[in-house]
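Q: Sharing work_2.pdb below, PDB, C-alpha atoms:
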ATOM      1  CA  MET Y   1     133.109 117.390  74.484  1.00  0.00           C
ATOM      2  CA  ARG Y   2     135.266 114.408  75.485  1.00  0.00           C
ATOM      3  CA  PHE Y   3     137.147 114.660  72.215  1.00  0.00           C
ATOM      4  CA  LEU Y   4     137.987 118.318  72.879  1.00  0.00           C
ATOM      5  CA  ALA Y   5     139.070 117.550  76.436  1.00  0.00           C
ATOM      6  CA  ARG Y   6     141.343 114.733  75.244  1.00  0.00           C
ATOM      7  CA  THR Y   7     142.756 116.912  72.503  1.00  0.00           C
ATOM      8  CA  ALA Y   8     143.492 119.690  75.005  1.00  0.00           C
ATOM      9  CA  VAL Y   9     145.179 117.258  77.409  1.00  0.00           C
ATOM     10  CA  LEU Y  10     147.236 115.818  74.553  1.00  0.00           C
ATOM     11  CA  ALA Y  11     148.272 119.310  73.430  1.00  0.00           C
ATOM     12  CA  VAL Y  12     149.359 120.279  76.949  1.00  0.00           C
ATOM     13  CA  ALA Y  13     151.237 116.999  77.419  1.00  0.00           C
ATOM     14  CA  THR Y  14     152.997 117.453  74.080  1.00  0.00           C
ATOM     15  CA  SER Y  15     154.040 121.010  74.912  1.00  0.00           C
ATOM     16  CA  LEU Y  16     155.340 119.865  78.306  1.00  0.00           C
ATOM     17  CA  ALA Y  17     157.380 117.106  76.633  1.00  0.00           C
ATOM     18  CA  VAL Y  18     158.923 119.638  74.257  1.00  0.00           C
ATOM     19  CA  ASP Y  19     159.745 121.930  77.195  1.00  0.00           C
ATOM     20  CA  VAL Y  20     161.310 119.047  79.131  1.00  0.00           C
ATOM     21  CA  GLU Y  21     163.392 118.058  76.119  1.00  0.00           C
ATOM     22  CA  ALA Y  22     164.522 121.629  75.591  1.00  0.00           C
ATOM     23  CA  ALA Y  23     165.512 121.938  79.241  1.00  0.00           C
ATOM     24  CA  SER Y  24     167.418 118.661  79.101  1.00  0.00           C
ATOM     25  CA  CYS Y  25     169.181 119.638  75.915  1.00  0.00           C
ATOM     26  CA  GLY Y  26     169.982 123.132  77.101  1.00  0.00           C
ATOM     27  CA  SER Y  27     171.092 122.282  80.615  1.00  0.00           C
ATOM     28  CA  TYR Y  28     173.013 119.079  79.953  1.00  0.00           C
ATOM     29  CA  PRO Y  29     176.557 120.493  80.012  1.00  0.00           C
ATOM     30  CA  GLN Y  30     175.911 122.220  83.352  1.00  0.00           C
ATOM     31  CA  ASP Y  31     174.101 119.203  84.798  1.00  0.00           C
ATOM     32  CA  ILE Y  32     176.856 116.785  83.854  1.00  0.00           C
ATOM     33  CA  ARG Y  33     179.526 119.159  85.128  1.00  0.00           C
ATOM     34  CA  ALA Y  34     177.843 119.148  88.528  1.00  0.00           C
ATOM     35  CA  ALA Y  35     177.426 115.370  88.441  1.00  0.00           C
ATOM     36  CA  ILE Y  36     180.973 114.328  87.545  1.00  0.00           C
ATOM     37  CA  LYS Y  37     183.307 117.210  88.377  1.00  0.00           C
ATOM     38  CA  LYS Y  38     184.344 115.678  91.706  1.00  0.00           C
ATOM     39  CA  HIS Y  39     185.169 112.435  89.880  1.00  0.00           C
ATOM     40  CA  VAL Y  40     187.280 114.314  87.333  1.00  0.00           C
ATOM     41  CA  GLU Y  41     189.095 116.062  90.176  1.00  0.00           C
ATOM     42  CA  THR Y  42     189.757 112.649  91.739  1.00  0.00           C
ATOM     43  CA  LEU Y  43     191.202 111.436  88.425  1.00  0.00           C
ATOM     44  CA  ARG Y  44     193.519 114.438  88.395  1.00  0.00           C
ATOM     45  CA  ALA Y  45     194.666 113.657  91.940  1.00  0.00           C
ATOM     46  CA  LEU Y  46     195.326 110.043  90.944  1.00  0.00           C
ATOM     47  CA  GLU Y  47     197.277 111.237  87.915  1.00  0.00           C
ATOM     48  CA  ARG Y  48     199.450 113.414  90.171  1.00  0.00           C
ATOM     49  CA  GLU Y  49     199.942 110.544  92.639  1.00  0.00           C
ATOM     50  CA  THR Y  50     200.904 108.188  89.807  1.00  0.00           C
ATOM     51  CA  THR Y  51     203.382 110.731  88.496  1.00  0.00           C
ATOM     52  CA  ASP Y  52     204.819 111.093  92.002  1.00  0.00           C
ATOM     53  CA  ARG Y  53     205.013 107.296  92.268  1.00  0.00           C
ATOM     54  CA  LEU Y  54     207.024 107.194  89.038  1.00  0.00           C
ATOM     55  CA  LYS Y  55     209.425 109.753  90.542  1.00  0.00           C
ATOM     56  CA  GLY Y  56     209.682 107.773  93.773  1.00  0.00           C
ATOM     57  CA  LEU Y  57     207.872 110.456  95.787  1.00  0.00           C
ATOM     58  CA  ASP Y  58     204.736 108.435  96.557  1.00  0.00           C
ATOM     59  CA  THR Y  59     204.745 105.000  98.148  1.00  0.00           C
ATOM     60  CA  ARG Y  60     201.278 103.908  97.091  1.00  0.00           C
ATOM     61  CA  ALA Y  61     201.362 100.798  94.948  1.00  0.00           C
ATOM     62  CA  PHE Y  62     200.303 101.032  91.319  1.00  0.00           C
ATOM     63  CA  ASP Y  63     197.683  98.362  92.015  1.00  0.00           C
ATOM     64  CA  TYR Y  64     196.094 100.633  94.626  1.00  0.00           C
ATOM     65  CA  LEU Y  65     196.160 103.635  92.269  1.00  0.00           C
ATOM     66  CA  ALA Y  66     194.715 101.551  89.427  1.00  0.00           C
ATOM     67  CA  ALA Y  67     191.913 100.270  91.663  1.00  0.00           C
ATOM     68  CA  GLN Y  68     191.046 103.815  92.703  1.00  0.00           C
ATOM     69  CA  ALA Y  69     191.062 104.979  89.074  1.00  0.00           C
ATOM     70  CA  ARG Y  70     188.927 101.980  88.084  1.00  0.00           C
ATOM     71  CA  ALA Y  71     186.316 102.929  90.689  1.00  0.00           C
ATOM     72  CA  VAL Y  72     186.189 106.510  89.415  1.00  0.00           C
ATOM     73  CA  ALA Y  73     185.996 105.316  85.814  1.00  0.00           C
ATOM     74  CA  GLY Y  74     183.028 103.156  86.757  1.00  0.00           C
ATOM     75  CA  ALA Y  75     181.252 106.101  88.360  1.00  0.00           C
ATOM     76  CA  ILE Y  76     181.757 108.297  85.303  1.00  0.00           C
ATOM     77  CA  ALA Y  77     180.929 105.552  82.793  1.00  0.00           C
ATOM     78  CA  ASP Y  78     177.543 104.754  84.328  1.00  0.00           C
ATOM     79  CA  LYS Y  79     175.706 102.764  81.658  1.00  0.00           C
ATOM     80  CA  ASP Y  80     172.364 104.518  82.119  1.00  0.00           C
ATOM     81  CA  ALA Y  81     173.924 107.974  82.162  1.00  0.00           C
ATOM     82  CA  LEU Y  82     175.898 107.221  78.989  1.00  0.00           C
ATOM     83  CA  ALA Y  83     172.705 106.011  77.313  1.00  0.00           C
ATOM     84  CA  ALA Y  84     170.909 109.201  78.380  1.00  0.00           C
ATOM     85  CA  GLU Y  85     173.754 111.257  76.928  1.00  0.00           C
ATOM     86  CA  GLU Y  86     173.478 109.335  73.674  1.00  0.00           C
ATOM     87  CA  GLU Y  87     169.762 110.175  73.528  1.00  0.00           C
ATOM     88  CA  LEU Y  88     170.687 113.867  73.548  1.00  0.00           C
ATOM     89  CA  SER Y  89     172.036 113.464  70.020  1.00  0.00           C
ATOM     90  CA  ARG Y  90     168.431 114.157  68.991  1.00  0.00           C
ATOM     91  CA  CYS Y  91     168.585 117.685  70.402  1.00  0.00           C
ATOM     92  CA  ARG Y  92     168.432 120.541  67.930  1.00  0.00           C
ATOM     93  CA  GLU Y  93     171.652 122.060  69.231  1.00  0.00           C
ATOM     94  CA  SER Y  94     174.836 120.017  69.297  1.00  0.00           C
ATOM     95  CA  ILE Y  95     175.423 118.539  72.772  1.00  0.00           C
ATOM     96  CA  PRO Y  96     179.040 117.696  73.616  1.00  0.00           C
ATOM     97  CA  PRO Y  97     179.646 114.076  74.693  1.00  0.00           C
ATOM     98  CA  VAL Y  98     181.022 115.154  78.066  1.00  0.00           C
ATOM     99  CA  ARG Y  99     180.417 111.943  79.992  1.00  0.00           C
ATOM    100  CA  ARG Y 100     181.650 109.728  77.143  1.00  0.00           C
ATOM    101  CA  VAL Y 101     184.887 111.683  76.705  1.00  0.00           C
ATOM    102  CA  CYS Y 102     185.531 111.825  80.460  1.00  0.00           C
ATOM    103  CA  ALA Y 103     184.802 108.090  80.724  1.00  0.00           C
ATOM    104  CA  GLU Y 104     187.306 107.405  77.931  1.00  0.00           C
ATOM    105  CA  ALA Y 105     189.883 109.528  79.747  1.00  0.00           C
ATOM    106  CA  ALA Y 106     189.244 107.678  83.009  1.00  0.00           C
ATOM    107  CA  GLN Y 107     189.628 104.285  81.346  1.00  0.00           C
ATOM    108  CA  ALA Y 108     192.804 105.457  79.601  1.00  0.00           C
ATOM    109  CA  LEU Y 109     194.231 106.502  82.989  1.00  0.00           C
ATOM    110  CA  VAL Y 110     193.418 103.038  84.369  1.00  0.00           C
ATOM    111  CA  SER Y 111     195.259 101.488  81.414  1.00  0.00           C
ATOM    112  CA  LEU Y 112     198.230 103.800  81.851  1.00  0.00           C
ATOM    113  CA  ILE Y 113     198.573 102.991  85.543  1.00  0.00           C
ATOM    114  CA  GLU Y 114     198.248  99.245  84.893  1.00  0.00           C
ATOM    115  CA  GLU Y 115     200.870  99.459  82.151  1.00  0.00           C
ATOM    116  CA  ARG Y 116     203.241 101.377  84.393  1.00  0.00           C
ATOM    117  CA  ALA Y 117     202.717  98.717  87.082  1.00  0.00           C
ATOM    118  CA  ALA Y 118     203.754  96.109  84.521  1.00  0.00           C
ATOM    119  CA  GLY Y 119     206.801  98.179  83.545  1.00  0.00           C
ATOM    120  CA  ALA Y 120     205.451  99.119  80.141  1.00  0.00           C
ATOM    121  CA  ALA Y 121     204.071 102.241  78.541  1.00  0.00           C
ATOM    122  CA  ASN Y 122     201.686 101.945  75.594  1.00  0.00           C
ATOM    123  CA  LYS Y 123     201.804 104.969  73.284  1.00  0.00           C
ATOM    124  CA  ALA Y 124     198.195 104.468  72.176  1.00  0.00           C
ATOM    125  CA  ALA Y 125     196.895 104.672  75.759  1.00  0.00           C
ATOM    126  CA  THR Y 126     199.113 107.687  76.422  1.00  0.00           C
ATOM    127  CA  GLN Y 127     197.822 109.454  73.316  1.00  0.00           C
ATOM    128  CA  LEU Y 128     194.195 108.671  74.146  1.00  0.00           C
ATOM    129  CA  TYR Y 129     194.634 110.012  77.659  1.00  0.00           C
ATOM    130  CA  ALA Y 130     196.571 113.062  76.443  1.00  0.00           C
ATOM    131  CA  GLN Y 131     193.691 113.936  74.096  1.00  0.00           C
ATOM    132  CA  ALA Y 132     190.631 113.005  76.142  1.00  0.00           C
ATOM    133  CA  MET Y 133     191.568 114.263  79.600  1.00  0.00           C
ATOM    134  CA  PRO Y 134     192.349 117.887  78.646  1.00  0.00           C
ATOM    135  CA  GLN Y 135     189.002 118.106  76.825  1.00  0.00           C
ATOM    136  CA  CYS Y 136     187.231 116.658  79.856  1.00  0.00           C
ATOM    137  CA  GLU Y 137     189.028 119.134  82.123  1.00  0.00           C
ATOM    138  CA  ARG Y 138     188.043 122.084  79.950  1.00  0.00           C
ATOM    139  CA  TRP Y 139     184.390 121.026  80.131  1.00  0.00           C
ATOM    140  CA  MET Y 140     184.766 120.987  83.940  1.00  0.00           C
ATOM    141  CA  ASP Y 141     186.310 124.492  83.852  1.00  0.00           C
ATOM    142  CA  LEU Y 142     189.672 123.117  85.041  1.00  0.00           C
ATOM    143  CA  LEU Y 143     193.054 123.966  83.586  1.00  0.00           C
ATOM    144  CA  PRO Y 144     194.581 120.825  82.069  1.00  0.00           C
ATOM    145  CA  LEU Y 145     197.474 119.318  83.988  1.00  0.00           C
ATOM    146  CA  SER Y 146     200.874 118.784  82.479  1.00  0.00           C
ATOM    147  CA  THR Y 147     202.352 115.478  83.634  1.00  0.00           C
ATOM    148  CA  VAL Y 148     204.551 112.738  82.290  1.00  0.00           C
ATOM    149  CA  LEU Y 149     201.449 110.602  81.767  1.00  0.00           C
ATOM    150  CA  ARG Y 150     200.350 112.980  79.025  1.00  0.00           C
ATOM    151  CA  ALA Y 151     203.719 113.319  77.347  1.00  0.00           C
ATOM    152  CA  SER Y 152     204.207 111.393  74.141  1.00  0.00           C
ATOM    153  CA  ASP Y 153     207.763 110.276  73.537  1.00  0.00           C
TER
END
Any chance you could put this one into structure tokens?

A:
Amino acid sequence: MRFLARTAVLAVATSLAVDVEAASCGSYPQDIRAAIKKHVETLRALERETTDRLKGLDTRAFDYLAAQARAVAGAIADKDALAAEEELSRCRESIPPVRRVCAEAAQALVSLIEERAAGAANKAATQLYAQAMPQCERWMDLLPLSTVLRASD
């Protein structure tokens, strides 16, 4: 009798684990969108402010803008959340690396702002940002911006 009870408990636990995995796999894009959309919107605002700063329309220092972007990048690139996203590679359906791509875009924006503060512009950082950020924006259901920070010369 104990064997049957243990077997039944194990079967129920296994089916619950499969259901939890399926829910995680199926709901991840929506869950991550809810978790980081405000951070992505903040990145977009910082991109606009940086562009305005380059035009002389914003008086905020590049160091301030870079620090703000760094804080947002840290929030998006949470180590545990990135590890959890990596675990989703085991899902049956392909799960887009939303957090990873948005984290790469955030870090590229930090690099771009720091380079502009130093009076330089690295094409590699510009290209990375120009590729990663529009993809991140699309996953957040936002129309990609068109700014000088995304233009490759």

Q: With distances taken over all atoms listed in the file, which of Y:Ser111, Y:Ser146, Y:Tyr64, Y:Pro96 is nearest to Lys123 of chain Y?

A: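 Checking each candidate against Lys123 of chain Y, we get Y:Ser111 as the closest.
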
Q: Which residues match the PyMOL selection byres ((chain Y and resi 34-47) around 7) in the file above, as a ChimeraX atom specification?

A: /Y:30-33,48-51,65,69,72,76,106,140

Q: Please produce a file of the residues just selected, as a compact mmCIF listing (two decimals), in the coordinates of the input, where the atoms kept are C-alpha atoms.

A:
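Writing the result to again-v5.txt gives the following:
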# COMPACT_ATOMS: atom_id res chain seq x y z
CA GLN Y 30 175.91 122.22 83.35
CA ASP Y 31 174.10 119.20 84.80
CA ILE Y 32 176.86 116.78 83.85
CA ARG Y 33 179.53 119.16 85.13
CA ARG Y 48 199.45 113.41 90.17
CA GLU Y 49 199.94 110.54 92.64
CA THR Y 50 200.90 108.19 89.81
CA THR Y 51 203.38 110.73 88.50
CA LEU Y 65 196.16 103.64 92.27
CA ALA Y 69 191.06 104.98 89.07
CA VAL Y 72 186.19 106.51 89.42
CA ILE Y 76 181.76 108.30 85.30
CA ALA Y 106 189.24 107.68 83.01
CA MET Y 140 184.77 120.99 83.94

Q: If we count all atoms listed in the file and set the cut-off at 10 Å, which residues sit around Arg100 of chain Y, ignoring sequence neighbours fewer than 4 positions away in its own chain? Please answer as a ChimeraX atom specification.

A: /Y:76-78,81-83,85-86,96,104-106,132,136

Q: Just how far from atom CA of Trp139 of chain Y is atom CA of Glu93 of chain Y, in Å to one decimal?

A: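 Value for the atom CA of Glu93 of chain Y-atom CA of Trp139 of chain Y distance: 16.8 Å.
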
Q: Name the residues in contact with Ala130 of chain Y at a cut-off of 10 Å, using all atoms listed in the file, excluding same-chain residues fewer than 3 positions from it; report them as a list in words.

A: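 Close residues of Ala130 of chain Y: Ala105, Ala108, Leu109, Ala124, Ala125, Thr126, Gln127, Met133, Pro134, Gln135, Pro144, Leu145, Ser146, Thr147, Val148, Leu149, Arg150, Ala151 and Ser152 of chain Y.
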
Q: May I ask for the distance between atom CA of Ala67 of chain Y and atom CA of Asp52 of chain Y, given in Å to one decimal place?

A: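 Interatomic distance here is 16.8 Å.
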
Q: Please, what distance in Å, to one decimal, runs between atom CA of Val101 of chain Y and atom CA of Glu114 of chain Y?

A: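 Separating atom CA of Val101 of chain Y from atom CA of Glu114 of chain Y is a distance of 20.0 Å.
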
Q: Please write out, as AutoDock Vina command-line options, where the centre of an axis-aligned box around all listed atoms of segment 135-150 of chain Y lies and how long its edges are, in Å to one decimal, after adding 8 Å on each side.

A:
--center_x 194.5 --center_y 117.5 --center_z 80.9 --size_x 36.2 --size_y 29.9 --size_z 24.2

Q: Go through Y:Leu128, Y:Cys91, Y:Ala61, Y:Leu54 one by one, measure the shortest atom-to-atom distance of each to Ala103 of chain Y using only C-alpha atoms, and give the residue with the smallest value.

A: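 Smallest separation from Ala103 of chain Y among the options: Y:Leu128.
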
Q: Could you add N, CA, C and O atoms to segment 78-100 of chain Y and give me the result as a PDB file, in the coordinates of the input?

A:
ATOM      1  N   ASP Y  78     178.820 105.369  83.978  1.00  0.00           N
ATOM      2  CA  ASP Y  78     177.543 104.754  84.328  1.00  0.00           C
ATOM      3  C   ASP Y  78     176.764 104.466  83.052  1.00  0.00           C
ATOM      4  O   ASP Y  78     176.547 105.368  82.226  1.00  0.00           O
ATOM      5  N   LYS Y  79     176.361 103.217  82.890  1.00  0.00           N
ATOM      6  CA  LYS Y  79     175.706 102.764  81.658  1.00  0.00           C
ATOM      7  C   LYS Y  79     174.443 103.567  81.347  1.00  0.00           C
ATOM      8  O   LYS Y  79     174.241 103.995  80.207  1.00  0.00           O
ATOM      9  N   ASP Y  80     173.611 103.787  82.345  1.00  0.00           N
ATOM     10  CA  ASP Y  80     172.364 104.518  82.119  1.00  0.00           C
ATOM     11  C   ASP Y  80     172.631 105.980  81.769  1.00  0.00           C
ATOM     12  O   ASP Y  80     171.971 106.548  80.909  1.00  0.00           O
ATOM     13  N   ALA Y  81     173.597 106.571  82.445  1.00  0.00           N
ATOM     14  CA  ALA Y  81     173.924 107.974  82.162  1.00  0.00           C
ATOM     15  C   ALA Y  81     174.516 108.132  80.765  1.00  0.00           C
ATOM     16  O   ALA Y  81     174.223 109.106  80.067  1.00  0.00           O
ATOM     17  N   LEU Y  82     175.350 107.170  80.348  1.00  0.00           N
ATOM     18  CA  LEU Y  82     175.898 107.221  78.989  1.00  0.00           C
ATOM     19  C   LEU Y  82     174.794 107.058  77.947  1.00  0.00           C
ATOM     20  O   LEU Y  82     174.809 107.727  76.910  1.00  0.00           O
ATOM     21  N   ALA Y  83     173.835 106.195  78.235  1.00  0.00           N
ATOM     22  CA  ALA Y  83     172.705 106.011  77.313  1.00  0.00           C
ATOM     23  C   ALA Y  83     171.869 107.287  77.232  1.00  0.00           C
ATOM     24  O   ALA Y  83     171.428 107.681  76.142  1.00  0.00           O
ATOM     25  N   ALA Y  84     171.664 107.939  78.366  1.00  0.00           N
ATOM     26  CA  ALA Y  84     170.909 109.201  78.380  1.00  0.00           C
ATOM     27  C   ALA Y  84     171.647 110.266  77.581  1.00  0.00           C
ATOM     28  O   ALA Y  84     171.026 111.045  76.846  1.00  0.00           O
ATOM     29  N   GLU Y  85     172.964 110.290  77.704  1.00  0.00           N
ATOM     30  CA  GLU Y  85     173.754 111.257  76.928  1.00  0.00           C
ATOM     31  C   GLU Y  85     173.620 110.972  75.444  1.00  0.00           C
ATOM     32  O   GLU Y  85     173.487 111.896  74.639  1.00  0.00           O
ATOM     33  N   GLU Y  86     173.627 109.720  75.077  1.00  0.00           N
ATOM     34  CA  GLU Y  86     173.478 109.335  73.674  1.00  0.00           C
ATOM     35  C   GLU Y  86     172.130 109.795  73.120  1.00  0.00           C
ATOM     36  O   GLU Y  86     172.028 110.224  71.977  1.00  0.00           O
ATOM     37  N   GLU Y  87     171.097 109.732  73.934  1.00  0.00           N
ATOM     38  CA  GLU Y  87     169.762 110.175  73.528  1.00  0.00           C
ATOM     39  C   GLU Y  87     169.747 111.671  73.194  1.00  0.00           C
ATOM     40  O   GLU Y  87     168.931 112.127  72.402  1.00  0.00           O
ATOM     41  N   LEU Y  88     170.650 112.426  73.793  1.00  0.00           N
ATOM     42  CA  LEU Y  88     170.687 113.867  73.548  1.00  0.00           C
ATOM     43  C   LEU Y  88     171.171 114.210  72.137  1.00  0.00           C
ATOM     44  O   LEU Y  88     171.114 115.365  71.729  1.00  0.00           O
ATOM     45  N   SER Y  89     171.624 113.209  71.401  1.00  0.00           N
ATOM     46  CA  SER Y  89     172.036 113.464  70.020  1.00  0.00           C
ATOM     47  C   SER Y  89     170.851 113.919  69.179  1.00  0.00           C
ATOM     48  O   SER Y  89     171.022 114.464  68.094  1.00  0.00           O
ATOM     49  N   ARG Y  90     169.637 113.723  69.701  1.00  0.00           N
ATOM     50  CA  ARG Y  90     168.431 114.157  68.991  1.00  0.00           C
ATOM     51  C   ARG Y  90     168.110 115.627  69.241  1.00  0.00           C
ATOM     52  O   ARG Y  90     167.190 116.167  68.652  1.00  0.00           O
ATOM     53  N   CYS Y  91     168.835 116.270  70.110  1.00  0.00           N
ATOM     54  CA  CYS Y  91     168.585 117.685  70.402  1.00  0.00           C
ATOM     55  C   CYS Y  91     168.890 118.533  69.165  1.00  0.00           C
ATOM     56  O   CYS Y  91     169.740 118.178  68.350  1.00  0.00           O
ATOM     57  N   ARG Y  92     168.214 119.639  69.068  1.00  0.00           N
ATOM     58  CA  ARG Y  92     168.432 120.541  67.930  1.00  0.00           C
ATOM     59  C   ARG Y  92     169.848 121.095  67.932  1.00  0.00           C
ATOM     60  O   ARG Y  92     170.500 121.161  66.901  1.00  0.00           O
ATOM     61  N   GLU Y  93     170.296 121.533  69.097  1.00  0.00           N
ATOM     62  CA  GLU Y  93     171.652 122.060  69.231  1.00  0.00           C
ATOM     63  C   GLU Y  93     172.618 120.904  69.508  1.00  0.00           C
ATOM     64  O   GLU Y  93     172.253 119.928  70.157  1.00  0.00           O
ATOM     65  N   SER Y  94     173.831 121.042  69.057  1.00  0.00           N
ATOM     66  CA  SER Y  94     174.836 120.017  69.297  1.00  0.00           C
ATOM     67  C   SER Y  94     175.163 119.949  70.795  1.00  0.00           C
ATOM     68  O   SER Y  94     175.420 120.970  71.431  1.00  0.00           O
ATOM     69  N   ILE Y  95     175.125 118.750  71.361  1.00  0.00           N
ATOM     70  CA  ILE Y  95     175.423 118.539  72.772  1.00  0.00           C
ATOM     71  C   ILE Y  95     176.757 117.798  72.853  1.00  0.00           C
ATOM     72  O   ILE Y  95     176.899 116.713  72.291  1.00  0.00           O
ATOM     73  N   PRO Y  96     177.737 118.369  73.540  1.00  0.00           N
ATOM     74  CA  PRO Y  96     179.040 117.696  73.616  1.00  0.00           C
ATOM     75  C   PRO Y  96     178.940 116.393  74.419  1.00  0.00           C
ATOM     76  O   PRO Y  96     178.218 116.334  75.414  1.00  0.00           O
ATOM     77  N   PRO Y  97     179.677 115.370  74.001  1.00  0.00           N
ATOM     78  CA  PRO Y  97     179.646 114.076  74.693  1.00  0.00           C
ATOM     79  C   PRO Y  97     180.528 114.089  75.939  1.00  0.00           C
ATOM     80  O   PRO Y  97     181.515 113.354  76.045  1.00  0.00           O
ATOM     81  N   VAL Y  98     180.193 114.917  76.887  1.00  0.00           N
ATOM     82  CA  VAL Y  98     181.022 115.154  78.066  1.00  0.00           C
ATOM     83  C   VAL Y  98     181.287 113.858  78.826  1.00  0.00           C
ATOM     84  O   VAL Y  98     182.439 113.515  79.107  1.00  0.00           O
ATOM     85  N   ARG Y  99     180.241 113.157  79.188  1.00  0.00           N
ATOM     86  CA  ARG Y  99     180.417 111.943  79.992  1.00  0.00           C
ATOM     87  C   ARG Y  99     181.218 110.894  79.224  1.00  0.00           C
ATOM     88  O   ARG Y  99     182.098 110.256  79.779  1.00  0.00           O
ATOM     89  N   ARG Y 100     180.926 110.725  77.937  1.00  0.00           N
ATOM     90  CA  ARG Y 100     181.650 109.728  77.143  1.00  0.00           C
ATOM     91  C   ARG Y 100     183.134 110.041  77.076  1.00  0.00           C
ATOM     92  O   ARG Y 100     183.985 109.170  77.281  1.00  0.00           O
TER      93      ARG Y 100
END
